[in-house]
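J.: Shown below is the structure under consideration.
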Amino acid sequence: RGRRQPGPVAARPRRAAARAILEADRLIDTDMSCVSVQEALRSAGLQLDAGPGPDGIKGQDGGKQSDGAHLVLMRHGESMWNDRNLFTGCVDVPLSAKGVQEAIEAGKRLSNVPVDIIFTSALARSQVTAQIAMTEHISSKVPVMLYRGTDERAVYWSRCHSEETARDIIPIVRCWQLNERMYGRLQGYNKDEMGQSYGEAQVMAWRRSYAVAPPGGESLEMTARRTQAFFLNEVEPLLASGHNVLISAHANSLRSLVMFLEDFDDEEVVKLKVSTARPMFYRFERGAFNRIATPQSQDAPGVYALTPELATYRNVMETTEPGYSS
């Protein structure tokens, strides 16, 4: 099929299948002893506004102006192993110098898009990309990592006790389910050298097929099982309540999420190119995801023309004192 054009994506068969997986075995992070997002926020002295309007703007009656929220998907900037053409997977490799600059440019592209909460993987490159990108945001809010789990000392020591400062924070929630596909015994090896050793066809099957897993690693199908269940359990309820979400993750974890959001089949998803630090934008309304064009630059016309809601958000933020929410 040809490239899909931006448009509404309602609940389709593949999304229904993902929901069935979630209901069947409840792929929740119980083995990691992690708590809910709301509990983590409370422990950190933070909270998401109980009644946000779209784009974080309240209506005159204190409720929502309309239904809907924004979702941004973003791959991390180039890592040092990306630069060296190595299989990275779940090895916790930092950004390269180019990756840092890519994160800054990504921040400019999403600087006028509202963000209430950020989800990253457990890997530093996704976390640092989100942190750097948010330094460019029009809200001037500070992205702060949350601790989830049983380490009570880390939770308590990282708590923000100032209510005024807490209003100036965008929480970052780290989730292993958003980690890159685990490449098993390929991790650390050069991709071209593996092609010479095992044959290009075999390496491409490991890299780009849906159901074939590399030795000791995950297939894209296995990756999708954890990412899609996580999205349904943790992210979609926040979107449904009007909160705007940024997800900073990895090529394959994002492929599997796009597969879920846009009902791609097995062949379509493996052909999907996910570039480093190039945000993808969605509008969530009435249970459906509407993909909107990615701004080609941070210039105002290219960003504000995406939706009327973004233009409203810009107008509110430009009349708000920097560093504090309206």
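Simple scheme: letters A, B, ... for chains in structure tokens order, numbers from 1 for residues in each chain, numbers from 1 for ligands in the order shown.
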Residues of range 145-265 of chain A in strand (DSSP E) according to DSSP, as a list in words?
T.: Met145, Ile169, Ile170, Pro171, Ile172, Val173, Arg174, Val245, Leu246, Ile247, Ser248 and Ala249 of chain A
J.: Need the shell around Ile132 in chain A: protein/DNA/RNA residues with any atom at most 6 Å away, counting only C-alpha atoms. Skip same-chain ones fewer than 3 positions apart. Format as a list of chain:residue names?
T.: A:Ala103, A:Thr129, A:Thr135
J.: Do you know which residues are at most 8 Å from Ala106 in chain A counting only C-alpha atoms, after dropping those on the same chain fewer than 3 positions away, and could you put them as a count of residues only?
T.: 8
J.: Choose the residue, out of A:Val142, A:Ala40, A:Ile118, A:Met80, that has the smallest atom-to-atom separation from Leu246 in chain A; count only C-alpha atoms.
T.: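 Ranking A:Val142, A:Ala40, A:Ile118, A:Met80 by distance to Leu246 in chain A, first place goes to A:Ile118.
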J.: Which is closer to Thr223 in chain A than all the others in A:Val100, A:Gly68, A:Arg84, A:Asn179, using only C-alpha atoms?
T.: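 The shortest atom-to-atom distance to Thr223 in chain A comes from A:Asn179.
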J.: Which residues, written as a list in words, have at least one atom at most 12 Å from Glu163 in chain A, with only C-alpha atoms counted and residues fewer than 6 positions away on the same chain left out?
T.: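 The residues satisfying every condition are Arg42, Ala44, Gly45, Leu46, Gln47, Ile169 and Tyr324 of chain A.
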J.: Write the selection just made, keeping N, CA, C and O atoms, as a compact mmCIF listing (two decimals), in the first residue's frame?
T.:
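In the end it all went to out_26.txt:
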```txt
# COMPACT_ATOMS: atom_id res chain seq x y z
N ARG A 42 1.82 11.56 43.56
CA ARG A 42 1.53 11.99 44.93
C ARG A 42 2.77 11.87 45.82
O ARG A 42 3.05 12.75 46.63
N ALA A 44 5.77 12.20 44.97
CA ALA A 44 6.74 13.24 44.60
C ALA A 44 6.25 14.64 44.92
O ALA A 44 6.93 15.63 44.64
N GLY A 45 5.05 14.74 45.50
CA GLY A 45 4.50 16.05 45.81
C GLY A 45 3.92 16.74 44.60
O GLY A 45 3.80 17.97 44.57
N LEU A 46 3.52 15.96 43.59
CA LEU A 46 3.00 16.52 42.34
C LEU A 46 1.61 15.97 42.10
O LEU A 46 1.20 14.96 42.67
N GLN A 47 0.88 16.62 41.21
CA GLN A 47 -0.40 16.09 40.76
C GLN A 47 -0.74 16.68 39.41
O GLN A 47 -0.37 17.82 39.11
N ILE A 169 6.45 22.04 37.29
CA ILE A 169 7.12 20.79 36.93
C ILE A 169 6.28 19.99 35.94
O ILE A 169 5.06 19.92 36.05
N TYR A 324 5.54 29.67 34.89
CA TYR A 324 4.40 29.32 35.73
C TYR A 324 3.21 29.01 34.84
O TYR A 324 3.00 29.62 33.80
```
J.: Which residues are close to Tyr156 in chain A, i.e. within 9 Å by only C-alpha atoms, leaving aside same-chain residues fewer than 4 positions away? Reply as a PyMOL selection string.
T.: chain A and resi 43-44+151-152+160
J.: Kindly give the distance, in Å, that separates CA of His76 in chain A and CA of Phe284 in chain A, rounded to a single decimal.
T.: 22.7 Å
J.: Considering only C-alpha atoms, can you say which of A:Ser139, A:Arg207, A:Val113, A:Glu236 comes closest to Ala251 in chain A?
T.: A:Arg207
J.: Using only C-alpha atoms, which residues sit within 9 Å of Asn82 in chain A once same-chain residues fewer than 4 positions away are excluded, as a PyMOL selection string?
T.: chain A and resi 78+86-88+95-96
J.: Could you check the closest approach to Asp266 in chain A for each of A:Glu221, A:Asp192, A:Glu285, A:Glu234 and tell me which residue wins, using only C-alpha atoms?
T.: A:Glu221
J.: Any idea what's packed within 6 Å of Tyr282 in chain A, counting only C-alpha atoms, ignoring anything in its chain fewer than 3 positions away? Could you give it as number ranges by chain?
T.: A: 70-71, 290-292
J.: Write the residues of the preceding selection, restricted to all heavy atoms, as a tab-separated table (two decimals), in the first residue's frame.
T.:
```tsv
chain	number	residue	atom	x	y	z
A	70	HIS	N	-3.51	15.94	23.24
A	70	HIS	CA	-2.44	15.71	22.28
A	70	HIS	C	-1.51	14.59	22.74
A	70	HIS	O	-1.23	14.45	23.93
A	70	HIS	CB	-1.61	16.99	22.07
A	70	HIS	CG	-2.35	18.06	21.33
A	70	HIS	ND1	-3.06	19.05	21.96
A	70	HIS	CD2	-2.51	18.27	20.00
A	70	HIS	CE1	-3.60	19.84	21.04
A	70	HIS	NE2	-3.29	19.39	19.85
A	71	LEU	N	-1.04	13.81	21.78
A	71	LEU	CA	-0.05	12.76	22.01
A	71	LEU	C	1.12	13.00	21.06
A	71	LEU	O	0.92	13.18	19.86
A	71	LEU	CB	-0.66	11.38	21.74
A	71	LEU	CG	0.32	10.19	21.69
A	71	LEU	CD1	0.94	9.94	23.06
A	71	LEU	CD2	-0.38	8.93	21.18
A	290	ASN	N	-6.15	10.90	15.81
A	290	ASN	CA	-6.05	11.61	14.55
A	290	ASN	C	-4.61	12.06	14.36
A	290	ASN	O	-4.10	12.91	15.10
A	290	ASN	CB	-6.98	12.83	14.57
A	290	ASN	CG	-6.98	13.58	13.26
A	290	ASN	OD1	-7.20	13.00	12.21
A	290	ASN	ND2	-6.74	14.88	13.32
A	291	ARG	N	-3.92	11.48	13.40
A	291	ARG	CA	-2.53	11.86	13.15
A	291	ARG	C	-2.50	13.18	12.40
A	291	ARG	O	-3.20	13.37	11.41
A	291	ARG	CB	-1.83	10.78	12.33
A	291	ARG	CG	-0.36	11.09	12.02
A	291	ARG	CD	0.39	9.82	11.67
A	291	ARG	NE	-0.25	9.08	10.61
A	291	ARG	CZ	0.08	9.15	9.32
A	291	ARG	NH1	1.02	9.98	8.93
A	291	ARG	NH2	-0.54	8.41	8.42
A	292	ILE	N	-1.69	14.10	12.89
A	292	ILE	CA	-1.56	15.40	12.24
A	292	ILE	C	-0.14	15.58	11.75
A	292	ILE	O	0.80	14.96	12.26
A	292	ILE	CB	-1.97	16.54	13.20
A	292	ILE	CG1	-1.22	16.46	14.53
A	292	ILE	CG2	-3.45	16.53	13.44
A	292	ILE	CD1	-1.62	17.52	15.52
```
J.: Could you tell me which of A:Lys191, A:Lys141, A:Arg125, A:Arg286 comes closest to Cys90 in chain A if we count only C-alpha atoms?
T.: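 For Cys90 in chain A, the nearest of the given residues is A:Arg125.
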